[in-house]
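> This is target_24.csv, which holds CSV, C-alpha atoms:
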chain,number,residue,atom,x,y,z
A,128,MET,CA,0.0,0.0,0.0
A,129,ALA,CA,1.2,3.5,-0.8
A,130,SER,CA,2.4,5.6,2.1
A,131,VAL,CA,0.1,8.2,3.7
A,132,ARG,CA,1.1,11.9,3.6
A,133,THR,CA,-0.6,15.1,4.7
A,134,LEU,CA,-1.8,17.7,2.2
A,135,THR,CA,-0.5,21.2,2.7
A,136,ALA,CA,-2.6,24.3,1.9
A,137,GLY,CA,-0.3,25.2,-1.0
A,138,SER,CA,-0.7,21.8,-2.6
A,139,LEU,CA,-4.4,22.2,-3.1
A,140,THR,CA,-3.8,24.3,-6.2
A,141,VAL,CA,-4.7,21.7,-8.9
A,142,LEU,CA,-3.3,21.7,-12.4
A,143,CYS,CA,-5.8,20.2,-14.9
A,144,LEU,CA,-4.4,18.8,-18.1
A,145,ALA,CA,-6.6,18.8,-21.2
A,146,GLN,CA,-5.9,16.0,-23.6
A,147,SER,CA,-7.2,15.3,-27.1
A,148,VAL,CA,-8.8,12.0,-27.9
A,149,LEU,CA,-6.1,10.0,-29.7
A,150,GLY,CA,-8.0,6.8,-30.8
A,151,GLY,CA,-9.6,4.7,-28.0
A,152,ALA,CA,-10.0,6.5,-24.7
A,153,PRO,CA,-8.5,6.1,-21.3
A,154,LYS,CA,-10.9,5.2,-18.5
A,155,GLN,CA,-12.9,8.1,-17.1
A,156,CYS,CA,-12.5,8.2,-13.3
A,157,ALA,CA,-15.0,9.2,-10.7
A,158,SER,CA,-14.6,12.6,-9.1
A,159,THR,CA,-14.3,10.9,-5.8
A,160,THR,CA,-11.0,9.2,-6.7
A,161,GLU,CA,-8.3,9.4,-4.1
A,162,LEU,CA,-5.1,11.4,-4.5
A,163,SER,CA,-2.1,9.2,-5.1
A,164,CYS,CA,0.3,8.8,-2.1
A,165,HIS,CA,-2.5,9.8,0.3
A,166,ASN,CA,-4.7,6.7,0.5
A,167,THR,CA,-5.4,5.1,3.9
A,168,THR,CA,-6.5,1.7,2.4
A,169,LYS,CA,-5.4,-0.3,-0.6
A,170,VAL,CA,-6.9,1.0,-3.9
A,171,ALA,CA,-7.8,-1.8,-6.3
A,172,ASP,CA,-8.4,0.3,-9.4
A,173,THR,CA,-4.9,1.2,-10.6
A,174,CYS,CA,-6.4,2.7,-13.8
A,175,CYS,CA,-7.8,5.6,-11.7
A,176,PHE,CA,-5.1,5.5,-9.0
A,177,ASN,CA,-1.4,5.7,-9.8
A,178,TYR,CA,0.2,2.8,-7.9
A,179,PRO,CA,2.9,2.0,-7.0
A,180,GLY,CA,4.2,5.0,-8.9
A,181,GLY,CA,2.1,7.6,-7.2
A,182,SER,CA,4.7,10.4,-7.1
A,183,LEU,CA,5.0,11.9,-10.5
A,184,LEU,CA,8.1,13.9,-11.2
A,185,GLN,CA,8.4,16.3,-14.2
A,186,THR,CA,12.2,16.5,-14.5
A,187,GLN,CA,14.2,19.2,-16.4
A,188,PHE,CA,17.8,19.7,-17.5
A,189,TRP,CA,20.0,22.7,-17.8
A,190,ASP,CA,22.7,21.5,-20.1
A,191,THR,CA,25.6,23.8,-20.9
A,192,ASP,CA,28.4,21.6,-22.2
A,193,PRO,CA,27.3,20.7,-24.7
A,194,ALA,CA,24.5,23.2,-24.7
A,195,VAL,CA,21.1,21.6,-25.4
A,196,GLY,CA,17.9,23.5,-26.3
A,197,PRO,CA,17.3,27.3,-26.4
A,198,ASP,CA,19.4,29.6,-24.4
A,199,ASP,CA,16.3,30.9,-22.6
A,200,SER,CA,14.7,27.6,-21.6
A,201,TRP,CA,15.4,24.5,-19.6
A,202,THR,CA,14.7,21.2,-21.4
A,203,ILE,CA,12.7,18.1,-20.6
A,204,HIS,CA,14.3,15.1,-19.0
A,205,GLY,CA,11.1,13.1,-18.5
A,206,LEU,CA,8.0,12.2,-16.4
A,207,TRP,CA,8.8,9.6,-13.7
A,208,PRO,CA,6.4,7.6,-11.6
A,209,ASP,CA,8.3,7.1,-8.4
A,210,HIS,CA,7.0,5.3,-5.3
A,211,CYS,CA,5.9,7.6,-2.5
A,212,ASP,CA,9.2,7.0,-0.6
A,213,GLY,CA,11.7,7.9,-3.2
A,214,THR,CA,12.2,4.4,-4.7
A,215,TYR,CA,10.9,3.5,-8.1
A,216,ASP,CA,10.4,0.7,-10.6
A,217,SER,CA,11.8,0.8,-14.1
A,218,THR,CA,11.2,-0.9,-17.5
A,219,CYS,CA,8.0,-2.5,-16.3
A,220,ASP,CA,6.8,-3.9,-19.6
A,221,SER,CA,9.5,-4.8,-22.1
A,222,SER,CA,6.8,-5.8,-24.6
A,223,ARG,CA,5.8,-2.1,-24.8
A,224,ALA,CA,9.3,-0.7,-24.9
A,225,TYR,CA,8.7,0.7,-28.3
A,226,THR,CA,11.5,1.8,-30.6
A,227,ASN,CA,9.6,4.0,-33.0
A,228,ILE,CA,8.3,6.9,-30.8
A,229,SER,CA,8.5,9.4,-33.6
A,230,ASP,CA,6.4,7.2,-35.9
A,231,ILE,CA,3.9,6.6,-33.2
A,232,LEU,CA,3.4,10.3,-32.5
A,233,SER,CA,3.2,11.2,-36.2
A,234,SER,CA,0.7,8.4,-37.0
A,235,SER,CA,-1.5,9.6,-34.2
A,236,GLY,CA,-1.7,13.2,-35.5
A,237,ASN,CA,0.9,14.6,-33.1
A,238,ASP,CA,3.4,16.2,-35.5
A,239,ASP,CA,3.1,19.5,-33.5
A,240,LEU,CA,4.0,17.7,-30.3
A,241,LEU,CA,7.0,15.9,-32.1
A,242,SER,CA,8.2,19.2,-33.5
A,243,TYR,CA,8.1,20.7,-30.0
A,244,MET,CA,10.0,17.8,-28.6
A,245,GLU,CA,12.7,18.3,-31.2
A,246,THR,CA,13.5,21.6,-29.5
A,247,TYR,CA,12.7,21.1,-25.9
A,248,TRP,CA,13.2,17.3,-25.3
A,249,LEU,CA,16.7,16.5,-26.4
A,250,PRO,CA,19.7,14.7,-24.9
A,251,ASN,CA,23.3,15.8,-24.8
A,252,ASP,CA,24.8,12.5,-26.0
A,253,SER,CA,22.4,10.7,-28.3
A,254,THR,CA,19.5,11.3,-30.7
A,255,GLY,CA,16.1,12.6,-29.7
A,256,GLU,CA,14.5,9.3,-30.8
A,257,GLU,CA,16.8,7.3,-28.7
A,258,PHE,CA,16.2,9.5,-25.7
A,259,TRP,CA,12.4,9.3,-26.0
A,260,GLU,CA,12.5,5.6,-26.4
A,261,HIS,CA,14.6,5.4,-23.2
A,262,GLU,CA,12.2,7.6,-21.2
A,263,TRP,CA,9.1,5.8,-22.4
A,264,GLY,CA,10.6,2.3,-21.9
A,265,LYS,CA,12.1,3.0,-18.5
A,266,HIS,CA,9.5,5.3,-17.0
A,267,GLY,CA,6.4,5.4,-19.2
A,268,THR,CA,5.7,1.7,-19.0
A,269,CYS,CA,5.6,2.0,-15.2
A,270,VAL,CA,2.6,4.4,-15.2
A,271,SER,CA,-0.2,2.1,-13.9
A,272,THR,CA,-2.9,4.4,-15.3
A,273,LEU,CA,-1.6,4.1,-18.8
A,274,ALA,CA,-1.6,0.3,-18.9
A,275,PRO,CA,-3.4,-1.2,-22.0
A,276,SER,CA,-6.2,-2.5,-19.7
A,277,CYS,CA,-7.0,1.1,-18.8
A,278,PHE,CA,-8.2,2.0,-22.3
A,279,THR,CA,-11.5,1.2,-24.0
A,280,ASN,CA,-11.1,-0.5,-27.4
A,281,TYR,CA,-7.3,-0.4,-26.8
A,282,GLN,CA,-5.1,-0.2,-29.9
A,283,ALA,CA,-1.4,-1.0,-29.6
A,284,THR,CA,0.8,2.1,-28.8
A,285,GLU,CA,-2.2,4.5,-28.2
A,286,GLU,CA,-1.0,5.1,-24.6
A,287,VAL,CA,2.2,6.6,-25.8
A,288,PRO,CA,0.9,9.9,-27.0
A,289,TYR,CA,-0.9,10.4,-23.7
A,290,TYR,CA,2.5,10.0,-21.8
A,291,PHE,CA,4.3,12.5,-24.1
A,292,ASN,CA,1.3,15.0,-24.2
A,293,THR,CA,1.1,15.0,-20.4
A,294,THR,CA,4.8,15.5,-20.0
A,295,ILE,CA,4.8,18.4,-22.5
A,296,SER,CA,1.7,20.0,-20.8
A,297,LEU,CA,3.4,19.9,-17.4
A,298,PHE,CA,6.7,21.2,-18.8
A,299,LYS,CA,4.9,24.2,-20.5
A,300,SER,CA,3.3,25.0,-17.1
A,301,LEU,CA,6.7,25.0,-15.4
A,302,PRO,CA,8.8,27.8,-17.1
A,303,THR,CA,11.9,27.4,-14.8
A,304,TYR,CA,14.0,29.9,-16.7
A,305,LYS,CA,11.3,32.6,-16.5
A,306,TRP,CA,10.6,32.0,-12.8
A,307,LEU,CA,14.3,32.3,-12.0
A,308,SER,CA,14.7,35.3,-14.2
A,309,ASP,CA,11.8,37.0,-12.6
A,310,ALA,CA,13.7,36.7,-9.3
A,311,GLY,CA,16.8,38.2,-10.7
A,312,ILE,CA,18.5,34.8,-11.2
A,313,THR,CA,19.9,34.6,-14.7
A,314,PRO,CA,22.7,32.6,-16.3
A,315,SER,CA,26.2,34.1,-15.7
A,316,SER,CA,29.8,33.1,-16.0
A,317,SER,CA,30.7,35.1,-13.0
A,318,THR,CA,27.7,35.7,-10.7
A,319,THR,CA,26.7,33.0,-8.1
A,320,TYR,CA,23.5,32.6,-6.1
A,321,LYS,CA,22.2,31.3,-2.8
A,322,LEU,CA,20.5,28.0,-3.0
A,323,SER,CA,17.7,29.3,-0.8
A,324,ASP,CA,17.0,32.1,-3.3
A,325,ILE,CA,16.7,29.6,-6.2
A,326,GLN,CA,14.5,27.4,-4.1
A,327,ALA,CA,12.2,30.4,-3.1
A,328,ALA,CA,11.9,31.5,-6.7
A,329,LEU,CA,10.7,28.0,-7.8
A,330,SER,CA,8.7,26.9,-4.8
A,331,LYS,CA,6.5,30.0,-4.8
A,332,ASN,CA,5.3,29.0,-8.3
A,333,HIS,CA,4.8,25.3,-7.3
A,334,GLY,CA,2.1,25.7,-4.7
A,335,GLY,CA,4.7,26.5,-2.0
A,336,GLU,CA,6.1,23.0,-2.3
A,337,THR,CA,9.8,22.3,-2.3
A,338,VAL,CA,11.4,21.7,-5.7
A,339,TYR,CA,14.3,19.3,-6.0
A,340,ILE,CA,17.4,21.2,-7.3
A,341,GLY,CA,20.4,19.1,-8.5
A,342,CYS,CA,23.9,20.3,-9.0
A,343,SER,CA,27.1,19.0,-10.7
A,344,GLY,CA,29.8,20.4,-8.4
A,345,SER,CA,28.5,23.9,-7.7
A,346,ALA,CA,26.6,24.3,-10.9
A,347,ILE,CA,22.9,23.9,-11.1
A,348,GLU,CA,21.9,21.3,-13.8
A,349,GLN,CA,18.5,19.7,-12.9
A,350,VAL,CA,15.2,20.4,-11.2
A,351,TYR,CA,12.4,18.0,-10.4
A,352,TYR,CA,8.8,19.1,-9.8
A,353,TYR,CA,6.9,16.6,-7.8
A,354,TYR,CA,3.2,15.9,-8.1
A,355,ASN,CA,0.5,13.6,-6.8
A,356,VAL,CA,-2.4,12.9,-9.0
A,357,TYR,CA,-6.2,12.5,-8.8
A,358,GLY,CA,-7.1,9.9,-11.5
A,359,SER,CA,-5.2,9.0,-14.6
A,360,VAL,CA,-2.0,10.5,-15.9
A,361,ALA,CA,-3.8,10.7,-19.2
A,362,ASN,CA,-6.6,13.0,-18.0
A,363,GLY,CA,-6.3,13.5,-14.3
A,364,GLN,CA,-5.5,16.4,-12.0
A,365,PHE,CA,-1.9,17.1,-10.9
A,366,VAL,CA,-1.4,18.5,-7.4
A,367,PRO,CA,2.0,20.0,-6.5
A,368,ALA,CA,4.0,18.1,-3.9
A,369,SER,CA,7.4,18.1,-2.2
A,370,PRO,CA,10.2,15.6,-2.7
A,371,ASP,CA,9.6,12.3,-0.7
A,372,ASN,CA,13.2,11.3,-0.2
A,373,GLY,CA,16.3,12.7,1.5
A,374,ASP,CA,18.3,13.5,-1.5
A,375,ASP,CA,19.5,17.1,-1.2
A,376,GLY,CA,20.7,17.5,-4.8
A,377,GLY,CA,24.3,18.1,-3.9
A,378,CYS,CA,24.2,21.9,-4.3
A,379,PRO,CA,26.2,24.2,-1.9
A,380,SER,CA,24.1,26.6,0.2
A,381,THR,CA,26.0,29.6,-1.4
A,382,GLY,CA,28.1,30.1,-4.5
A,383,VAL,CA,25.7,28.2,-6.7
A,384,LYS,CA,26.6,28.7,-10.4
A,385,TYR,CA,23.9,29.0,-13.1
A,386,LEU,CA,26.1,28.9,-16.2
A,387,PRO,CA,25.0,30.3,-19.6
A,388,LYS,CA,24.4,27.9,-22.4
A,389,ASN,CA,25.9,30.2,-25.0
A,390,GLY,CA,29.2,30.8,-23.1
A,391,GLY,CA,28.4,34.5,-22.3
A,392,GLY,CA,25.0,35.3,-20.9
A,393,SER,CA,23.7,37.5,-23.6
A,394,THR,CA,20.0,37.9,-24.2
A,395,PRO,CA,18.7,34.9,-26.1
A,396,THR,CA,16.3,34.8,-29.0
A,397,SER,CA,12.9,33.1,-28.7
A,398,THR,CA,12.6,29.8,-30.7
A,399,THR,CA,8.9,29.6,-31.1
A,400,THR,CA,7.6,30.6,-34.5
A,401,SER,CA,4.2,31.9,-35.5
A,402,GLY,CA,2.6,33.1,-38.7
A,403,SER,CA,3.4,36.7,-37.9
A,404,SER,CA,6.9,37.4,-36.6
A,405,PRO,CA,9.1,34.3,-36.1
A,406,PRO,CA,12.9,34.6,-35.5
A,407,THR,CA,15.0,35.7,-38.5
A,408,ALA,CA,18.3,34.1,-39.4
A,409,THR,CA,21.6,35.4,-38.1
A,410,PRO,CA,24.4,35.4,-40.7
A,411,THR,CA,26.7,32.5,-40.1
A,412,GLY,CA,28.4,31.9,-43.5
A,413,SER,CA,28.1,28.2,-43.0
A,414,PHE,CA,25.9,25.5,-41.6
A,415,ALA,CA,27.4,23.8,-38.6
A,416,GLY,CA,26.2,22.4,-35.3
A,417,LYS,CA,22.5,22.7,-34.4
A,418,GLY,CA,20.0,25.1,-35.9
A,419,TYR,CA,16.6,25.8,-37.3
A,420,LEU,CA,15.7,26.1,-41.0
A,421,ASN,CA,13.5,29.1,-41.4
A,422,ALA,CA,11.3,29.4,-44.5
A,423,VAL,CA,11.3,32.9,-46.1
A,424,THR,CA,9.0,33.9,-48.9
A,425,GLY,CA,8.1,37.3,-50.3
A,426,GLY,CA,10.7,38.8,-48.0
A,427,SER,CA,9.0,37.5,-44.8
A,428,THR,CA,9.7,34.5,-42.6
A,429,LYS,CA,6.8,32.2,-42.8
A,430,GLY,CA,7.4,29.3,-40.4
A,431,CYS,CA,10.1,26.7,-40.8
A,432,ILE,CA,11.1,23.3,-41.9
A,433,ILE,CA,10.0,20.5,-39.5
A,434,SER,CA,11.7,17.1,-38.9
A,435,SER,CA,10.3,15.3,-42.0
A,436,GLY,CA,11.6,18.0,-44.3
A,437,ALA,CA,8.1,19.6,-44.8
A,438,TRP,CA,7.3,23.3,-44.5
A,439,TYR,CA,5.1,24.3,-41.5
A,440,ALA,CA,4.0,27.9,-41.1
A,441,SER,CA,3.1,27.8,-37.4
A,442,GLY,CA,4.4,25.9,-34.4
A,443,THR,CA,7.9,25.2,-33.1
A,444,CYS,CA,10.9,24.7,-35.4
A,445,ALA,CA,12.6,21.4,-35.5
A,446,THR,CA,16.3,21.3,-34.6
A,447,PHE,CA,18.6,20.1,-37.3
A,448,THR,CA,22.3,19.0,-37.0
A,449,ALA,CA,24.6,20.1,-39.7
A,450,ALA,CA,27.8,18.1,-40.0
A,451,SER,CA,30.7,18.6,-42.4
A,452,SER,CA,30.9,16.1,-45.2
A,453,GLY,CA,33.1,16.4,-48.3
A,454,SER,CA,32.8,19.9,-49.8
A,455,GLY,CA,29.6,20.6,-47.9
A,456,PHE,CA,27.5,19.3,-45.0
A,457,THR,CA,24.8,16.9,-44.2
A,458,LEU,CA,21.6,17.7,-42.4
A,459,LYS,CA,19.9,15.5,-39.8
A,460,SER,CA,16.6,15.8,-37.8
A,461,SER,CA,15.1,13.6,-35.2
A,462,LYS,CA,13.6,11.6,-38.1
A,463,GLY,CA,16.9,10.9,-39.7
A,464,PHE,CA,19.3,12.2,-42.4
A,465,CYS,CA,17.9,14.6,-45.1
A,466,SER,CA,18.0,14.2,-48.8
A,467,VAL,CA,16.3,15.3,-52.0
A,468,SER,CA,14.2,12.4,-52.9
A,469,GLY,CA,11.9,12.5,-55.9
A,470,GLY,CA,12.6,16.2,-56.2
A,471,ALA,CA,11.4,16.9,-52.6
A,472,LEU,CA,13.3,17.7,-49.4
A,473,THR,CA,12.9,14.7,-47.2
A,474,CYS,CA,14.3,13.6,-43.8
A,475,ALA,CA,13.7,10.0,-42.8
A,476,ALA,CA,15.2,7.1,-40.8
A,477,SER,CA,15.4,5.1,-44.0
A,478,THR,CA,18.0,7.5,-45.3
A,479,SER,CA,21.4,6.2,-44.3
A,480,SER,CA,24.4,8.5,-43.7
A,481,ALA,CA,25.9,7.2,-47.0
A,482,ASN,CA,22.8,8.3,-48.9
A,483,ALA,CA,22.3,11.6,-47.2
A,484,ALA,CA,22.5,14.7,-49.4
A,485,VAL,CA,25.6,16.8,-49.2
A,486,PHE,CA,24.2,20.3,-49.1
A,487,ALA,CA,25.9,23.7,-49.8
A,488,ALA,CA,25.3,27.0,-48.2
A,489,ASP,CA,25.3,30.5,-49.7
A,490,GLY,CA,25.6,32.7,-46.6
A,491,THR,CA,22.6,31.8,-44.5
A,492,ASN,CA,20.7,30.2,-47.4
A,493,LEU,CA,20.4,26.5,-48.1
A,494,ALA,CA,21.5,26.1,-51.7
A,495,ASN,CA,20.6,23.5,-54.3
A,496,SER,CA,21.8,22.9,-57.8
A,497,ALA,CA,19.6,25.7,-59.2
A,498,GLY,CA,20.7,28.3,-56.7
A,499,ASN,CA,19.1,29.5,-53.4
A,500,ASP,CA,15.4,29.0,-54.4
A,501,TRP,CA,13.2,26.2,-53.2
A,502,TYR,CA,9.6,25.7,-54.2
A,503,ALA,CA,6.2,24.7,-52.9
A,504,ASP,CA,2.6,24.7,-54.2
A,505,SER,CA,1.5,27.3,-51.7
A,506,VAL,CA,2.3,28.8,-48.3
A,507,PRO,CA,0.9,26.3,-45.8
A,508,SER,CA,-1.5,27.4,-43.2
A,509,GLY,CA,-2.8,26.0,-39.9
A,510,SER,CA,-1.8,22.4,-39.5
A,511,THR,CA,-1.2,21.9,-43.2
A,512,GLN,CA,2.3,20.8,-44.1
A,513,GLY,CA,3.8,21.8,-47.4
A,514,THR,CA,6.2,19.7,-49.5
A,515,VAL,CA,9.4,21.6,-50.4
A,516,TYR,CA,10.7,21.0,-53.9
A,517,SER,CA,14.2,21.6,-55.4
A,518,ALA,CA,12.9,22.5,-58.9
A,519,LYS,CA,10.2,25.0,-59.8
A,520,GLY,CA,8.2,22.9,-62.2
A,521,SER,CA,4.5,23.8,-61.7
A,522,HIS,CA,5.0,24.9,-58.1
A,523,ALA,CA,3.7,28.4,-57.6
A,524,THR,CA,5.5,29.5,-54.4
A,525,THR,CA,9.2,30.3,-54.2
A,526,LEU,CA,11.0,30.3,-50.8
A,527,GLU,CA,14.4,30.5,-49.4
A,528,ILE,CA,15.5,28.2,-46.5
A,529,GLN,CA,17.7,30.1,-44.0
A,530,TRP,CA,19.8,28.7,-41.2
A,531,LYS,CA,19.6,30.0,-37.7
A,532,SER,CA,22.2,28.5,-35.3
A,533,VAL,CA,21.1,27.6,-31.8
Write the structure described by the file as structure tokens, please.

Amino acid sequence: MASVRTLTAGSLTVLCLAQSVLGGAPKQCASTTELSCHNTTKVADTCCFNYPGGSLLQTQFWDTDPAVGPDDSWTIHGLWPDHCDGTYDSTCDSSRAYTNISDILSSSGNDDLLSYMETYWLPNDSTGEEFWEHEWGKHGTCVSTLAPSCFTNYQATEEVPYYFNTTISLFKSLPTYKWLSDAGITPSSSTTYKLSDIQAALSKNHGGETVYIGCSGSAIEQVYYYYNVYGSVANGQFVPASPDNGDDGGCPSTGVKYLPKNGGGSTPTSTTTSGSSPPTATPTGSFAGKGYLNAVTGGSTKGCIISSGAWYASGTCATFTAASSGSGFTLKSSKGFCSVSGGALTCAASTSSANAAVFAADGTNLANSAGNDWYADSVPSGSTQGTVYSAKGSHATTLEIQWKSV
């Protein structure tokens, strides 16, 4: 039986997560369901009560070497169902340790979610796909309320989008960078901070509950936001909680470093695009490292290229990796290496490194054999994705693809 804990006044602020229907449906739980980690008797229905993993942790990274994600945002580590005493299970169902998370999300209509993950849910030592597979297999399969038996008319893999949607929804409600910045705590190569000030800035925005702060040496690198849940992780209510173990995170009480990702601490640029005024490219002279591919037509930036190689006019840009190859460079997204296949820009897992296109750059522009122009049938709108072509043919819209380093 899960341990019993006492609710504090601050933890009564409930975060409700709205989810879209993604096929079948998770079980609808009664409003009288108990809060995880607060039951006094054994709860039999683990589709409406998270057990044994009743303490849900939304974990975030601050990676500076190598830098991961935007300069002005923390990034996602995962969503972990810990026991109510600091212990946890892992890899609870190897039959559901799926190895095609990107495909699962795309096929369920979650391309926007996947594009967001390509910016805000990345590792520092592997691919996004590998990282997402690890987090799902190790932690997602241990969420009792996402078990296949908890879905009506269950179809294989349909629980996966709920796990990633919930994680993203929580992350968006926990803007660690902004909360610290509002308290005058900003990345710096020279300034240090008191741990108590960092904790105060975060806990006041987390229902007054303590936030786990983890350091490497004296430098802050992780935060964990704890929650207990009424109902299912798919559609339940998340209540802020404090850590339920004795791990102090290893940070000093004073002299805590909050190092900048960009090596200096200059004001970063937002990475979220919209149909009106997305970020514009900064001249680089070459494509190297990580960056976004902005789409420019008629002199205005209209969205960007997403992980499949398609053009998307709204949403969050995919992160591409440019690596030197021969006289040019290759491009790779979370979906795989990019090429021009059948005259269209395409990035896919089926494209091997040997078959990846070697691109050239003209300043900030992605070049092709005909110059700097690329083509589409029209400017995409809403959730429509536009195919990008290398030759004009009968395609009415001309665009340039411009690199923005991150």
> Can you work out the spacing between atom CA of Tyr351 of chain A and atom CA of Glu256 of chain A in Å, to one decimal?
22.3 Å
> Could you give me, as JSON, numbers by chain, the residues within 8 Å of Trp263 of chain A, counting all atoms listed in the file and dropping anything in the same chain fewer than 3 positions from it?
{"A": [224, 225, 259, 260, 266, 267, 268, 287, 290]}
> Next, the residues of the selection above should be written as a short mmCIF file (atom, residue, chain, number, x, y, z; two decimals), keeping the file's coordinate frame with C-alpha atoms.

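Below you can see out15.cif, which holds the result:
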data_model
loop_
_atom_site.label_atom_id
_atom_site.label_comp_id
_atom_site.auth_asym_id
_atom_site.auth_seq_id
_atom_site.Cartn_x
_atom_site.Cartn_y
_atom_site.Cartn_z
CA ALA A 224 9.30 -0.70 -24.90
CA TYR A 225 8.70 0.70 -28.30
CA TRP A 259 12.40 9.30 -26.00
CA GLU A 260 12.50 5.60 -26.40
CA HIS A 266 9.50 5.30 -17.00
CA GLY A 267 6.40 5.40 -19.20
CA THR A 268 5.70 1.70 -19.00
CA VAL A 287 2.20 6.60 -25.80
CA TYR A 290 2.50 10.00 -21.80
#
> Could you pull out every residue with an atom within 10 Å of (-7.7, 12.5, -3.6), file coordinates, counting all atoms listed in the file, and send them as a PDB file with C-alpha atoms, in the coordinates of the input?

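File produced: part-v7.pdb:
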ATOM      1  CA  LEU A 134      -1.800  17.700   2.200  1.00  0.00           C
ATOM      2  CA  SER A 158     -14.600  12.600  -9.100  1.00  0.00           C
ATOM      3  CA  THR A 159     -14.300  10.900  -5.800  1.00  0.00           C
ATOM      4  CA  THR A 160     -11.000   9.200  -6.700  1.00  0.00           C
ATOM      5  CA  GLU A 161      -8.300   9.400  -4.100  1.00  0.00           C
ATOM      6  CA  LEU A 162      -5.100  11.400  -4.500  1.00  0.00           C
ATOM      7  CA  SER A 163      -2.100   9.200  -5.100  1.00  0.00           C
ATOM      8  CA  CYS A 164       0.300   8.800  -2.100  1.00  0.00           C
ATOM      9  CA  HIS A 165      -2.500   9.800   0.300  1.00  0.00           C
ATOM     10  CA  ASN A 166      -4.700   6.700   0.500  1.00  0.00           C
ATOM     11  CA  PHE A 176      -5.100   5.500  -9.000  1.00  0.00           C
ATOM     12  CA  ASN A 355       0.500  13.600  -6.800  1.00  0.00           C
ATOM     13  CA  VAL A 356      -2.400  12.900  -9.000  1.00  0.00           C
ATOM     14  CA  TYR A 357      -6.200  12.500  -8.800  1.00  0.00           C
ATOM     15  CA  GLY A 358      -7.100   9.900 -11.500  1.00  0.00           C
ATOM     16  CA  GLN A 364      -5.500  16.400 -12.000  1.00  0.00           C
ATOM     17  CA  VAL A 366      -1.400  18.500  -7.400  1.00  0.00           C
TER      18      VAL A 366
END
> If you measure from atom CA of Ser235 of chain A to atom CA of Ala471 of chain A, what distance in Å do you get, rounded to one decimal?
23.6 Å
> Which one is closest to Ala440 of chain A: A:Val533, A:Val485, A:Val506, A:Leu240? Count all atoms listed in the file.
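Closest residue, counting all atoms listed in the file: A:Val506.
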> As an exercise, work out the distance from atom CA of Ser517 of chain A to atom CA of Leu472 of chain A in Å and give it to one decimal place.
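Distance between the two atoms: 7.2 Å.
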> For Gly264 of chain A, which residue among A:Thr473, A:Thr246, A:Gln326, A:Thr284 is the nearest when counting all atoms listed in the file?
A:Thr284
> Determine the nearest neighbour of Val423 of chain A from the options A:Ser221, A:Asn389, A:Asn499, A:Ser479, counting all atoms listed in the file.
A:Asn499
> List the spatial neighbours of Phe258 of chain A as a list in words - criterion: any atom at most 12 Å away, all atoms listed in the file, same-chain residues fewer than 6 positions off excluded.
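Selected residues are Ile203, His204, Gly205, Tyr225, Thr226, Asn227, Ile228, Ser229, Met244, Glu245, Trp248, Leu249, Pro250, Asn251, Asp252, Gly264, Lys265, His266 and Ser461 of chain A.
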> Ranking A:Thr318, A:Ser182, A:Ser452, A:Gln155 by minimum distance to Asp216 of chain A and counting only C-alpha atoms, which one comes first?
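Counting only C-alpha atoms, the residue closest to Asp216 of chain A is A:Ser182.
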> Ser477 of chain A: which residues within 9 Å, counting all atoms listed in the file, same-chain residues fewer than 4 positions away excluded, as number ranges by chain?
A: 462-464
> Please produce a file of those selected residues containing C-alpha atoms, as a PDB file, in the frame of the given file.

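What ended up in again_35.pdb:
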ATOM      1  CA  LYS A 462      13.600  11.600 -38.100  1.00  0.00           C
ATOM      2  CA  GLY A 463      16.900  10.900 -39.700  1.00  0.00           C
ATOM      3  CA  PHE A 464      19.300  12.200 -42.400  1.00  0.00           C
TER       4      PHE A 464
END
> If I only want segment 419-427 of chain A, can you write it with N, CA and C atoms, as a PDB file, in the first residue's frame?

ATOM      1  N   TYR A 419      17.961  25.868 -36.740  1.00  0.00           N
ATOM      2  CA  TYR A 419      16.633  25.784 -37.327  1.00  0.00           C
ATOM      3  C   TYR A 419      16.726  26.173 -38.800  1.00  0.00           C
ATOM      4  N   LEU A 420      15.771  25.702 -39.593  1.00  0.00           N
ATOM      5  CA  LEU A 420      15.689  26.064 -41.000  1.00  0.00           C
ATOM      6  C   LEU A 420      14.432  26.893 -41.200  1.00  0.00           C
ATOM      7  N   ASN A 421      14.584  28.207 -41.203  1.00  0.00           N
ATOM      8  CA  ASN A 421      13.452  29.102 -41.389  1.00  0.00           C
ATOM      9  C   ASN A 421      13.074  29.203 -42.855  1.00  0.00           C
ATOM     10  N   ALA A 422      11.783  29.304 -43.118  1.00  0.00           N
ATOM     11  CA  ALA A 422      11.278  29.440 -44.481  1.00  0.00           C
ATOM     12  C   ALA A 422      10.938  30.898 -44.746  1.00  0.00           C
ATOM     13  N   VAL A 423      11.527  31.469 -45.792  1.00  0.00           N
ATOM     14  CA  VAL A 423      11.341  32.878 -46.127  1.00  0.00           C
ATOM     15  C   VAL A 423      10.735  32.973 -47.519  1.00  0.00           C
ATOM     16  N   THR A 424       9.614  33.670 -47.629  1.00  0.00           N
ATOM     17  CA  THR A 424       8.984  33.878 -48.929  1.00  0.00           C
ATOM     18  C   THR A 424       8.431  35.291 -49.001  1.00  0.00           C
ATOM     19  N   GLY A 425       8.600  35.931 -50.126  1.00  0.00           N
ATOM     20  CA  GLY A 425       8.130  37.301 -50.287  1.00  0.00           C
ATOM     21  C   GLY A 425       8.795  38.265 -49.332  1.00  0.00           C
ATOM     22  N   GLY A 426      10.013  37.941 -48.888  1.00  0.00           N
ATOM     23  CA  GLY A 426      10.744  38.813 -47.973  1.00  0.00           C
ATOM     24  C   GLY A 426      10.382  38.656 -46.514  1.00  0.00           C
ATOM     25  N   SER A 427       9.459  37.738 -46.191  1.00  0.00           N
ATOM     26  CA  SER A 427       9.029  37.534 -44.812  1.00  0.00           C
ATOM     27  C   SER A 427       9.227  36.081 -44.401  1.00  0.00           C
TER      28      SER A 427
END
